[in-house]
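**Student:** Structure in structure tokens, see below.
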Amino acid sequence: MSDFGPAELVAGLCHTDERNPFSLWQDGHVSPCFNQLVLGALPHAGTAVFCACYLGAPPPCGWTLRLVAALLAALLFVADVALVGVVQQGDMYLDLLTDGCAVLAWLVHFSAITVLQKTSFRRTRGPPLLPLLVLLSVPNLVVTLTIYCKTDGYLNATEPLKLARFVLASADSGYTLYINAVDGSPLVPESRLRPDTGEMVAEDRSGCGSRLFYLWLTPLLRRGQRGELDRPADVYHLPRKLRTSVVCRYFHQCWEGDVGLLRVLHKAFGLRYYLLGVLKVVVNMLSFTGPLLLSGLVTFMEEDGAPVSRGAWCALGLFATTLLSSVLRNFFVFEVSKVALSARAALVSAVYGKALRVSGSGLASFTLGEVVNLMSTDVDRVVNFFNSFHELWSLPFSFAVALYLLYLQVGVAFLGGLGVALLLVPLNKLLASRIISNNRDMLRYKDSRVKLMTEILFGIRVIKFYNWESHFAQKVADCRQQELSHLRAIKYLDAMCVYTWAALPVVISILTFVTFVMLGHQLTAAKVFTTLALVGMLIIPLNSFPWVLNGILESKVSLERIQRFFSLTNQNLQAHYALDDRTSVLLSQGTFSWQRPDGPDQNHRRVLQGSLVVVVGEVGCGKSSLLAAVAGELHRLSGVVYVADREVGFGLASQEPWIQHASVRDNILFGKDYDPDLYQAVVQACALADDLNVLPNGDKTEVGENGVTLSGGQKARLALARAAYMDKDVYLLDDPLAAVDADVAEHLMQKCVLGLLRGKTRILCTHRIEFVDRADTVVLMENGTIVKTGPPAEILPLVEAAPKQRKNDHNVKEKRGKNLWSGGDDGDDPERSGEEQKLAGGLAWRVYQTYWAAMGGALASSVLMSLLLMQASKNVSDWWLSHWISQLKNNGSAATGELVSSHLLLFSPGGLTCLPPPPLQTIPSSNVSADVRFYLTVYTSIAAANTVFTALRAFLFAYGAICAATAVHNRLLDRVLKATVTFFDTTPLGRVLNRFSSDLYSVDDSLPFILNILLANAFGLLGMLVVMSYGLPWVLVPLLPLALLYHHTQRFYRHTSRELKRLCSLTLSPVYSHFSETLTGLATIRASGSTARFEEESAKRLEQNQRCLFLSNAAMQWLDIRLQLIGVAVVTGIAVIAVVQHQFHSVDPGLVGLSLSYALSITSLLSGLIFSFAQTEMQLVSVERTEEYSSGLPTEPQHQNAQLPSAWPEKGQVEFRGAVLSYRDGLPNALDGVSLSVRPGEKVGVVGRTGSGKSTLFLALFRMVELNRGQILLDGLDLSAVGLGQLRSRLAIIPQDPFLFSGTIRENLDPCGRQPDEQLLDVLDQCHLSPVVERMGGLDAEVGERGKCFSVGQRQLLCLARALLTQAKVLCIDEATASVDQRTDKLLQQTIREKFQDKTVLTIAHRINTIMDCDRVLVMHAGKVVEFDTPLALCQSDQSVFRRLVAARGE
């Protein structure tokens, strides 16, 4: 029984001789054994498997005929089974096996036809493979009939049973042929059957074959190939188990109580993940079978008289094990990616949900960037854990097996080499830890660079107004320099790792051999070859392990960071608010803080239902904090807060209006249903009707990110309209009147606050004292405390600096923002701050050239040259070993020959075998050891050369990558800082920032890494093909069709893969931008009770991204399984060719072994090549995107005027001559033939409604937007002849947006460090900021992110101080003191009058009393000058617009 093997099994089954159990030819025809097993059972089994694929699919005459025929065929074979049982011949079991397969095949075929009748195939002939598979069984039936005709008894009427079998066989053949001939169903053209992929669900309800080979992906891949995969909506829906809603629901069920995140992840995804670990064990074990069979095959090649069947079995075994291994490995990878995808969905949703619920004080400990990073970087790192963890235990497992096999080969001698390998582990660990620490530092500098870039982009107007570009470019360059110094270290350490990896096998092998010889053993080629292959296997775990460990440690750090965020306390509204009370809002002895226990301290305050409460006080006295306390955003330390019907929420209009990136209507509706009457009422009450008429698409017009296309006043009114439309009981209005002109403010007060919202409880903070007398109650605040509460008559005298002038203070200026609405948004332009356009099609060669040029041509060429030399030397060393073996076989004694041959090339890069160690032989012949010495010397020399080339390639490549990264960044930064203001107005900030963060990270790190792998793979494949063709020229026969197939497959894949990757990037941005938008508007979202809706929106965006990501993964596996099959075909092809050539004695076993050992790793090389190519293309998209900006942005003119006098402008005379300006083609003119002259030292006030072109005057003067026609003269010199830098440095402006950069107060006042500290302190004193600055700690105090340590009013004062420092002859003031209280404003006006006594001052008027002091007033309307005269003259003219304005305000 112990001798029973495959040969005995086949002999028993076929009733043949055990020495040749499986002959192909017998008695002049195909042997019954081959006929029944290969031609009969095999095609039927294939038919059954293929038809089974269609059994899982969802619910004419040709089809009915097929059904009947399939059933009849099954019955015929059942009858044959019965006859075989009765006749009982010698090969009965063989016939039973074949007939059984046939019955099974026809029954499954019958079921498949039944199912297919209900699918889209019903109008066609069905899958083309179906009839083909049925035809495969025809040769078997024909051969069977031939055998029956030649065998006695089958045509003899005296043996009825045998005759019956003959008739049945004929019937089978006839039916099989007839079914396919008669099927007359029409072939429908495929175009009519193109399914809409956007409606389909991935994978669900697919059969097992469809899942194994990803056939369900074909419609999507076809669509991608046609170039029709443009929108995220075109891809499949996720399988039900992976849907975001399903995953999150399950994840929350697992999250019970206050447990750690790791425990929850373990509970939710653990079981499924650990089960996949079992599969990993099977895959690892299978990887060792290939080389085992390979050694058997080579041994067979060595024996001249070996039976062919042994070689055939080896070839068949190689085919089966490589196939099984491929399928299982592919399945494992795909399933792990599914678990990782589920975990990603759960974590991203959990982070978003937590951000919506966390308390304001808790969130204050994180910056906006940190929280967004949790969702982007940290979640991805945690998800990466799923890919790393199974490697963590499987690598040591492979290592242990390799060590054991090495011991079987050379005994204890392997310890010498192992010692070196183990010594290198700490070195590897050191390198890895250095890389990690450098990486951490690099990311830190990268973060600070991106943060700086964010601020630069936010404040780009201020930077351009003040001509600070070169200073900020230098700051960014310094950050980048620090970042690059660490990147350089990383790249060189990486190169060191690559070098040790390449050098290690040689060092270990040579050491092992020396030890082996010193132990007194004789070295043989077999030992050399086997040991080398084994050492190669040892290296992989040794080198990958530190990286796997590193990935796991990174995910641990990220998990802790996310855990820290999750452990923040949630907003507890039950605890914040007291219970039932009769009033609408109650505050009693409340003490609140943002974080520290010294926030606003409120005394007893009771607000009655439906009353209007106005809160007044100086800048920074705590008005906004009072509203935050009522809304529950502050931390309550003591006292009582009560709000009636808190669950309903508040209507909140915050001081800095939060506008969503959506249409105007969507911003107002804010998720509520459209009620035409209420909507119209709100639009009228908030004075938006005129603005909507100006817009190109009315209220459907898109508003940019953060309302980038709106003026300040429009943002404020839009936010107020949103609050009003919410229709809540309590309204918290934080100074919505500050940013609008006087008549609009009056309109808002009358129609909205006192009109539309009548009967609601309203708490209004304001600096506009003229409206205070309409309040029911007035609250006066000072230093965070309520000083006094009472009716307006009681409080007003305390507030007014000069009560008599109360009526004079009117704001006539509508806060003008980035762009006039009329000139800011062209709704028809698809590029208009709408969705980013996805680049389509393949990458242009220009992109490759760009990167080549960035690296430097000579350097790039030398990298390629060193790669070529490295690969050549590696292949030559392998060939040398093979040559050595052949020589030894020819020269050495028979004993040596046998010993060598049996262990020849047992081990290959793909894995290895385990055979008992051969007896250690000592060979007397001295010439053999001399030979060994000679061969070993040559081998060592080649190997040494190889390590030199490897080192050269590694370090050259690292250097080249750094050069390219430097060049790409410098070009990009230079171009972006020189871009026109129009570009920044029409491009969302996130889009520009993406180029500087993720795209540059790709160019710095990911691209060189993957490009390195791509080049190594390409050269490796080239070397392998050369060696294989040299060793077995016949291999070129199957290789050519396989190469064509490979080319076709990868092209088919790459089209769709590229589009899917682009869609992944495209759908990822909205997830993050929505998250950061949510964090910015958190107060509004929570106050209005819209958190659930925002969570839903986030889930929707995430689902869209997950769909693309899932299909991108699936497409990779679709390709992988096909490449694995090509690899299987190559291995099988070589094995079969070797067996056939062995029969003709025309093969060198050394070369066969070499070829096969290469072939075993061909799959990994083929797939590595495509993946690295696809990944490289994907990373090169980043180069494409940066190049798009580096070469395609519209830039400002860069010329300078060399003749410009240094004192220009000496007088400050400004003259406009017929100036015409429009923001973009097709938009109305913002300035329409403006002509005016301002005398030197004159003070001019500018008034006019929104969109009249007031701010555009300033933009034209600073040449932020170039004139279409006309000219502007300054001291008689045409501005277009002056360099931009020269012009802007000689003018001063106080822009309306008080923008501060994070940094110290000193840096904000004087970034270039030109002024002494005394001067800085002096201007701060003039702007009444000295007390605040002293309290914060002097000039070196930090102002916080975008100046968040100051109130809005204080920021405006700081910007004023900035302007006071410039010694310009012309000062432009764009409504600089809107958020400042009356008294401070009065003092400031005085300061400006004194400091700029002899300077020309243009003021966009914000309070009429300031204009009354001006020398002249300019009234603008629709881009034209309506009036320009002294205030007195205008007031006396009956027709004057200015006079009507003044009269309306009661002047």
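Simple scheme: letters A, B, ... for chains in structure tokens order, numbers from 1 for residues in each chain, numbers from 1 for ligands in the order shown.
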Apply DSSP to the backbone of this structure and, from range 450-679 of chain A, keep only the residues in strand (DSSP E); write these as a VMD selection string.

**Tutor:** chain A and resid 585 to 593 601 to 602 605 to 607 612 to 617 635 to 643 650 to 653

**Student:** Just the residues within 9 Å of range 1287-1296 of chain A, please, counting only C-alpha atoms, with nothing from its chain fewer than 5 positions along; format it as a PyMOL selection string.

**Tutor:** chain A and resi 461-462+464-468+712+815-817+1208-1209+1258+1262-1263+1279+1282+1356+1359-1360+1362-1364+1366-1378

**Student:** Can you write just those residues out, N, CA, C and O atoms, as a compact mmCIF listing (two decimals), in the first residue's frame?

**Tutor:**
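Ended up saving to again08.txt:
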```txt
# COMPACT_ATOMS: atom_id res chain seq x y z
N ARG A 461 -4.61 88.87 -1.64
CA ARG A 461 -4.87 90.27 -2.01
C ARG A 461 -4.01 91.21 -1.18
O ARG A 461 -3.40 92.14 -1.71
N VAL A 462 -3.98 90.94 0.14
CA VAL A 462 -3.17 91.79 1.03
C VAL A 462 -1.71 91.74 0.60
O VAL A 462 -1.03 92.76 0.50
N LYS A 464 -0.47 91.09 -2.33
CA LYS A 464 -0.28 91.82 -3.59
C LYS A 464 -0.40 93.33 -3.38
O LYS A 464 0.37 94.10 -3.93
N PHE A 465 -1.39 93.76 -2.56
CA PHE A 465 -1.55 95.19 -2.28
C PHE A 465 -0.26 95.78 -1.69
O PHE A 465 0.16 96.87 -2.02
N TYR A 466 0.37 95.00 -0.78
CA TYR A 466 1.54 95.52 -0.09
C TYR A 466 2.86 95.14 -0.76
O TYR A 466 3.92 95.41 -0.23
N ASN A 467 2.76 94.38 -1.90
CA ASN A 467 3.95 93.96 -2.63
C ASN A 467 4.89 93.11 -1.75
O ASN A 467 6.09 93.33 -1.70
N TRP A 468 4.29 92.14 -1.06
CA TRP A 468 5.08 91.28 -0.17
C TRP A 468 5.40 89.93 -0.79
O TRP A 468 5.85 89.02 -0.10
N GLY A 712 -18.69 91.58 1.20
CA GLY A 712 -18.93 91.37 2.63
C GLY A 712 -20.38 91.58 3.00
O GLY A 712 -20.98 90.81 3.75
N LYS A 815 -20.35 96.67 2.30
CA LYS A 815 -19.02 96.05 2.40
C LYS A 815 -18.70 95.29 1.11
O LYS A 815 -19.35 94.32 0.79
N ARG A 816 -17.74 95.79 0.36
CA ARG A 816 -17.41 95.19 -0.93
C ARG A 816 -16.39 94.08 -0.75
O ARG A 816 -15.36 94.29 -0.15
N GLY A 817 -16.71 92.96 -1.32
CA GLY A 817 -15.84 91.81 -1.06
C GLY A 817 -14.91 91.53 -2.19
O GLY A 817 -14.41 92.41 -2.85
N TRP A 1208 9.23 109.11 -6.59
CA TRP A 1208 7.88 109.10 -7.18
C TRP A 1208 6.94 108.28 -6.32
O TRP A 1208 7.34 107.22 -5.84
N PRO A 1209 5.66 108.67 -6.11
CA PRO A 1209 5.04 109.94 -6.51
C PRO A 1209 5.31 111.01 -5.44
O PRO A 1209 5.08 110.76 -4.27
N PHE A 1258 -10.20 101.14 -6.65
CA PHE A 1258 -8.96 100.80 -5.95
C PHE A 1258 -8.22 99.68 -6.67
O PHE A 1258 -7.00 99.71 -6.81
N PHE A 1262 -4.40 99.95 -8.17
CA PHE A 1262 -3.30 99.05 -7.79
C PHE A 1262 -2.97 98.06 -8.91
O PHE A 1262 -2.16 97.18 -8.72
N ARG A 1263 -3.70 98.20 -10.03
CA ARG A 1263 -3.54 97.30 -11.17
C ARG A 1263 -3.74 95.83 -10.78
O ARG A 1263 -3.04 94.94 -11.27
N LEU A 1279 0.28 104.62 -15.22
CA LEU A 1279 0.60 103.48 -14.34
C LEU A 1279 1.00 102.23 -15.11
O LEU A 1279 1.73 101.39 -14.61
N VAL A 1282 4.61 101.55 -15.31
CA VAL A 1282 5.36 101.34 -14.06
C VAL A 1282 5.29 99.85 -13.70
O VAL A 1282 4.27 99.21 -13.90
N GLN A 1356 -9.25 94.82 12.42
CA GLN A 1356 -9.31 95.97 11.51
C GLN A 1356 -8.36 97.07 11.97
O GLN A 1356 -7.71 97.72 11.16
N CYS A 1359 -4.87 96.23 10.96
CA CYS A 1359 -4.63 96.49 9.53
C CYS A 1359 -4.44 97.98 9.28
O CYS A 1359 -3.68 98.38 8.40
N LEU A 1360 -5.13 98.79 10.06
CA LEU A 1360 -4.96 100.25 9.95
C LEU A 1360 -3.53 100.63 10.37
O LEU A 1360 -2.86 101.43 9.72
N ARG A 1362 -0.94 98.83 10.13
CA ARG A 1362 -0.08 98.41 9.04
C ARG A 1362 0.07 99.54 8.00
O ARG A 1362 1.15 99.83 7.52
N ALA A 1363 -1.09 100.16 7.66
CA ALA A 1363 -1.08 101.21 6.64
C ALA A 1363 -0.37 102.46 7.15
O ALA A 1363 0.31 103.16 6.40
N LEU A 1364 -0.53 102.74 8.46
CA LEU A 1364 0.10 103.94 9.03
C LEU A 1364 1.63 103.86 8.91
O LEU A 1364 2.31 104.87 8.86
N THR A 1366 3.36 102.64 6.41
CA THR A 1366 3.90 102.93 5.07
C THR A 1366 3.92 104.44 4.88
O THR A 1366 2.98 105.13 5.26
N GLN A 1367 4.96 104.91 4.29
CA GLN A 1367 5.09 106.37 4.10
C GLN A 1367 4.59 106.76 2.72
O GLN A 1367 5.18 107.57 2.03
N ALA A 1368 3.46 106.16 2.29
CA ALA A 1368 2.98 106.39 0.93
C ALA A 1368 2.32 107.76 0.80
O ALA A 1368 1.80 108.30 1.77
N LYS A 1369 2.34 108.28 -0.43
CA LYS A 1369 1.72 109.58 -0.70
C LYS A 1369 0.22 109.44 -0.95
O LYS A 1369 -0.52 110.41 -0.88
N VAL A 1370 -0.20 108.21 -1.33
CA VAL A 1370 -1.62 107.97 -1.61
C VAL A 1370 -2.11 106.83 -0.72
O VAL A 1370 -1.50 105.77 -0.71
N LEU A 1371 -3.20 107.12 0.02
CA LEU A 1371 -3.76 106.08 0.89
C LEU A 1371 -5.19 105.80 0.44
O LEU A 1371 -5.98 106.72 0.25
N CYS A 1372 -5.51 104.52 0.28
CA CYS A 1372 -6.88 104.12 -0.05
C CYS A 1372 -7.46 103.40 1.17
O CYS A 1372 -6.85 102.46 1.67
N ILE A 1373 -8.63 103.85 1.62
CA ILE A 1373 -9.25 103.20 2.78
C ILE A 1373 -10.55 102.55 2.31
O ILE A 1373 -11.45 103.23 1.84
N ASP A 1374 -10.60 101.24 2.39
CA ASP A 1374 -11.80 100.52 1.93
C ASP A 1374 -12.62 100.10 3.14
O ASP A 1374 -12.50 98.98 3.63
N GLU A 1375 -13.39 101.04 3.69
CA GLU A 1375 -14.31 100.76 4.79
C GLU A 1375 -13.62 99.99 5.90
O GLU A 1375 -13.90 98.83 6.15
N ALA A 1376 -12.66 100.67 6.52
CA ALA A 1376 -11.75 99.95 7.42
C ALA A 1376 -12.28 99.77 8.82
O ALA A 1376 -11.72 99.02 9.60
N THR A 1377 -13.36 100.49 9.20
CA THR A 1377 -13.72 100.45 10.62
C THR A 1377 -15.17 100.03 10.83
O THR A 1377 -15.86 100.53 11.69
N ALA A 1378 -15.65 99.08 10.01
CA ALA A 1378 -17.06 98.67 10.10
C ALA A 1378 -17.36 98.00 11.43
O ALA A 1378 -18.43 98.17 12.01
```

**Student:** Would you mind listing what lies within 12 Å of range 1333-1341 of chain A as an MDAnalysis selection string, with only C-alpha atoms counted and same-chain residues fewer than 5 positions away left out?

**Tutor:** chainID A and resid 1302:1310 1316:1325 1327:1328 1347 1349:1350 1354:1355 1357:1358

**Student:** Write the selection just made, keeping C-alpha atoms, as a tab-separated table (two decimals), in the first residue's frame?

**Tutor:**
```tsv
chain	number	residue	atom	x	y	z
A	1302	SER	CA	-0.41	83.55	11.99
A	1303	GLY	CA	2.77	84.73	13.66
A	1304	THR	CA	3.68	87.55	15.96
A	1305	ILE	CA	2.15	91.03	16.01
A	1306	ARG	CA	5.51	92.37	14.80
A	1307	GLU	CA	5.49	90.07	11.75
A	1308	ASN	CA	1.96	91.14	10.91
A	1309	LEU	CA	2.74	94.86	11.07
A	1310	ASP	CA	6.06	94.73	9.30
A	1316	PRO	CA	12.20	99.79	14.54
A	1317	ASP	CA	10.12	98.62	17.50
A	1318	GLU	CA	9.49	102.19	18.74
A	1319	GLN	CA	7.80	102.99	15.43
A	1320	LEU	CA	5.63	99.85	15.71
A	1321	LEU	CA	4.57	100.63	19.29
A	1322	ASP	CA	3.81	104.19	18.25
A	1323	VAL	CA	1.37	103.16	15.47
A	1324	LEU	CA	-0.27	100.63	17.80
A	1325	ASP	CA	-0.83	103.46	20.26
A	1327	CYS	CA	-4.73	102.84	16.68
A	1328	HIS	CA	-5.69	102.37	20.38
A	1347	GLY	CA	-5.71	86.41	13.85
A	1349	CYS	CA	-6.73	85.91	19.23
A	1350	PHE	CA	-8.28	89.28	18.28
A	1354	GLN	CA	-9.26	94.66	16.73
A	1355	ARG	CA	-8.09	92.97	13.52
A	1357	LEU	CA	-7.36	98.28	13.83
A	1358	LEU	CA	-4.22	96.19	13.32
```

**Student:** Tell me which protein, DNA and RNA residues are within 7 Å of range 266-276 of chain A, counting only C-alpha atoms, leaving out same-chain ones fewer than 6 positions away, and put them as a ChimeraX atom specification.

**Tutor:** /A:251,254,332,339

**Student:** Suppose we keep N, CA, C and O atoms; can you now write the selection as an mmCIF file, in the first residue's frame?

**Tutor:**
```
data_model
loop_
_atom_site.group_PDB
_atom_site.id
_atom_site.type_symbol
_atom_site.label_atom_id
_atom_site.label_comp_id
_atom_site.auth_asym_id
_atom_site.auth_seq_id
_atom_site.Cartn_x
_atom_site.Cartn_y
_atom_site.Cartn_z
ATOM 1 N N PHE A 251 -21.206 49.153 12.654
ATOM 2 C CA PHE A 251 -20.088 49.660 13.460
ATOM 3 C C PHE A 251 -20.615 50.302 14.745
ATOM 4 O O PHE A 251 -20.068 50.096 15.822
ATOM 5 N N CYS A 254 -21.642 47.830 17.284
ATOM 6 C CA CYS A 254 -20.500 47.230 17.991
ATOM 7 C C CYS A 254 -19.921 48.192 19.033
ATOM 8 O O CYS A 254 -19.181 47.786 19.912
ATOM 9 N N PHE A 332 -7.586 36.266 -1.640
ATOM 10 C CA PHE A 332 -7.163 36.782 -0.328
ATOM 11 C C PHE A 332 -6.985 38.309 -0.364
ATOM 12 O O PHE A 332 -7.516 39.043 0.460
ATOM 13 N N VAL A 339 -12.343 44.350 3.568
ATOM 14 C CA VAL A 339 -12.395 44.626 5.023
ATOM 15 C C VAL A 339 -11.833 46.030 5.287
ATOM 16 O O VAL A 339 -12.410 46.813 6.046
#
```

**Student:** Counting only C-alpha atoms, what is within 10 Å of Arg449 in chain A, bar same-chain residues fewer than 5 positions away, as an MDAnalysis selection string?

**Tutor:** chainID A and resid 443:444 454:455 475:480 482:483 996:997

**Student:** Do you know which residues are at most 8 Å from range 423-428 of chain A counting only C-alpha atoms, after dropping those on the same chain fewer than 2 positions away, and could you put them as a PyMOL selection string?

**Tutor:** chain A and resi 419-421+430-432+497+542-543+546

**Student:** Those same residues, written as a PDB file, in the first residue's frame with all heavy atoms?

**Tutor:**
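result-v4.pdb, written as the output of this step:
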```pdb
ATOM      1  N   GLY A 419      24.765  34.731  10.662  1.00  0.00           N
ATOM      2  CA  GLY A 419      25.280  35.714  11.626  1.00  0.00           C
ATOM      3  C   GLY A 419      25.327  37.105  11.012  1.00  0.00           C
ATOM      4  O   GLY A 419      24.874  38.090  11.601  1.00  0.00           O
ATOM      5  N   VAL A 420      25.850  37.174   9.772  1.00  0.00           N
ATOM      6  CA  VAL A 420      25.932  38.476   9.086  1.00  0.00           C
ATOM      7  C   VAL A 420      24.526  39.029   8.858  1.00  0.00           C
ATOM      8  O   VAL A 420      24.249  40.215   9.078  1.00  0.00           O
ATOM      9  CB  VAL A 420      26.663  38.329   7.733  1.00  0.00           C
ATOM     10  CG1 VAL A 420      26.636  39.639   6.977  1.00  0.00           C
ATOM     11  CG2 VAL A 420      28.089  37.895   7.978  1.00  0.00           C
ATOM     12  N   ALA A 421      23.631  38.130   8.406  1.00  0.00           N
ATOM     13  CA  ALA A 421      22.260  38.574   8.126  1.00  0.00           C
ATOM     14  C   ALA A 421      21.636  39.163   9.384  1.00  0.00           C
ATOM     15  O   ALA A 421      21.004  40.221   9.356  1.00  0.00           O
ATOM     16  CB  ALA A 421      21.431  37.408   7.622  1.00  0.00           C
ATOM     17  N   LEU A 430      18.037  50.303  12.306  1.00  0.00           N
ATOM     18  CA  LEU A 430      18.558  51.663  12.488  1.00  0.00           C
ATOM     19  C   LEU A 430      18.169  52.538  11.299  1.00  0.00           C
ATOM     20  O   LEU A 430      17.663  53.650  11.452  1.00  0.00           O
ATOM     21  CB  LEU A 430      20.090  51.617  12.622  1.00  0.00           C
ATOM     22  CG  LEU A 430      20.774  52.985  12.734  1.00  0.00           C
ATOM     23  CD1 LEU A 430      20.506  53.601  14.106  1.00  0.00           C
ATOM     24  CD2 LEU A 430      22.278  52.865  12.506  1.00  0.00           C
ATOM     25  N   LEU A 431      18.385  51.973  10.090  1.00  0.00           N
ATOM     26  CA  LEU A 431      18.029  52.730   8.879  1.00  0.00           C
ATOM     27  C   LEU A 431      16.540  53.057   8.888  1.00  0.00           C
ATOM     28  O   LEU A 431      16.133  54.192   8.625  1.00  0.00           O
ATOM     29  CB  LEU A 431      18.368  51.916   7.624  1.00  0.00           C
ATOM     30  CG  LEU A 431      19.855  51.770   7.275  1.00  0.00           C
ATOM     31  CD1 LEU A 431      20.016  50.862   6.064  1.00  0.00           C
ATOM     32  CD2 LEU A 431      20.478  53.120   6.976  1.00  0.00           C
ATOM     33  N   ALA A 432      15.730  52.039   9.233  1.00  0.00           N
ATOM     34  CA  ALA A 432      14.280  52.246   9.232  1.00  0.00           C
ATOM     35  C   ALA A 432      13.897  53.321  10.236  1.00  0.00           C
ATOM     36  O   ALA A 432      13.091  54.209   9.940  1.00  0.00           O
ATOM     37  CB  ALA A 432      13.563  50.941   9.541  1.00  0.00           C
ATOM     38  N   CYS A 497      19.355  51.236   2.017  1.00  0.00           N
ATOM     39  CA  CYS A 497      18.559  50.007   2.215  1.00  0.00           C
ATOM     40  C   CYS A 497      18.596  49.149   0.957  1.00  0.00           C
ATOM     41  O   CYS A 497      18.827  47.938   1.022  1.00  0.00           O
ATOM     42  CB  CYS A 497      17.102  50.356   2.509  1.00  0.00           C
ATOM     43  SG  CYS A 497      16.812  50.788   4.210  1.00  0.00           S
ATOM     44  N   LEU A 542      13.775  39.360   5.684  1.00  0.00           N
ATOM     45  CA  LEU A 542      14.675  40.232   6.458  1.00  0.00           C
ATOM     46  C   LEU A 542      14.490  41.691   6.074  1.00  0.00           C
ATOM     47  O   LEU A 542      14.513  42.581   6.910  1.00  0.00           O
ATOM     48  CB  LEU A 542      16.131  39.839   6.207  1.00  0.00           C
ATOM     49  CG  LEU A 542      16.677  38.694   7.043  1.00  0.00           C
ATOM     50  CD1 LEU A 542      18.112  38.401   6.645  1.00  0.00           C
ATOM     51  CD2 LEU A 542      16.616  39.014   8.526  1.00  0.00           C
ATOM     52  N   ASN A 543      14.310  41.942   4.767  1.00  0.00           N
ATOM     53  CA  ASN A 543      14.217  43.325   4.311  1.00  0.00           C
ATOM     54  C   ASN A 543      12.828  43.926   4.474  1.00  0.00           C
ATOM     55  O   ASN A 543      12.694  45.107   4.764  1.00  0.00           O
ATOM     56  CB  ASN A 543      14.632  43.430   2.851  1.00  0.00           C
ATOM     57  CG  ASN A 543      16.134  43.543   2.736  1.00  0.00           C
ATOM     58  OD1 ASN A 543      16.709  44.558   3.072  1.00  0.00           O
ATOM     59  ND2 ASN A 543      16.761  42.471   2.306  1.00  0.00           N
ATOM     60  N   PRO A 546      11.140  45.199   8.599  1.00  0.00           N
ATOM     61  CA  PRO A 546      11.142  46.528   9.240  1.00  0.00           C
ATOM     62  C   PRO A 546      10.043  47.435   8.680  1.00  0.00           C
ATOM     63  O   PRO A 546       9.429  48.202   9.414  1.00  0.00           O
ATOM     64  CB  PRO A 546      12.523  47.093   8.886  1.00  0.00           C
ATOM     65  CG  PRO A 546      13.359  45.913   8.596  1.00  0.00           C
ATOM     66  CD  PRO A 546      12.453  44.870   8.037  1.00  0.00           C
TER      67      PRO A 546
END
```

**Student:** To one decimal place, how far is CA of Ile508 in chain A from CA of Leu297 in chain A in Å?

**Tutor:**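 Separation of CA of Ile508 in chain A and CA of Leu297 in chain A: 28.1 Å.
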
**Student:** Fewer than 5 positions away in the same chain doesn't count, so skip those; otherwise give me all residues within 10 Å of Asn572 in chain A, counting only C-alpha atoms, as number ranges by chain.

**Tutor:** A: 357-359, 577, 632, 635

**Student:** Store the residues picked out above in a file with N, CA, C and O atoms, as a CSV table (one decimal), in the first residue's frame.

**Tutor:**
```csv
chain,number,residue,atom,x,y,z
A,357,ARG,N,-20.5,66.6,17.2
A,357,ARG,CA,-21.1,66.5,18.6
A,357,ARG,C,-20.1,67.0,19.6
A,357,ARG,O,-20.5,67.2,20.8
A,358,VAL,N,-18.8,67.2,19.3
A,358,VAL,CA,-17.9,67.5,20.3
A,358,VAL,C,-18.1,68.9,20.8
A,358,VAL,O,-18.6,69.8,20.1
A,359,SER,N,-17.8,69.2,22.1
A,359,SER,CA,-18.1,70.5,22.7
A,359,SER,C,-17.1,71.5,22.1
A,359,SER,O,-16.0,71.2,21.7
A,577,TYR,N,-28.3,73.5,29.7
A,577,TYR,CA,-29.5,74.3,29.9
A,577,TYR,C,-30.3,73.8,31.1
A,577,TYR,O,-30.3,72.6,31.4
A,632,GLY,N,-25.0,77.5,23.5
A,632,GLY,CA,-24.4,76.3,24.1
A,632,GLY,C,-23.1,75.9,23.6
A,632,GLY,O,-22.6,74.8,23.8
A,635,HIS,N,-18.4,76.7,27.5
A,635,HIS,CA,-18.4,75.8,28.6
A,635,HIS,C,-19.0,76.5,29.8
A,635,HIS,O,-18.5,77.6,30.2
```
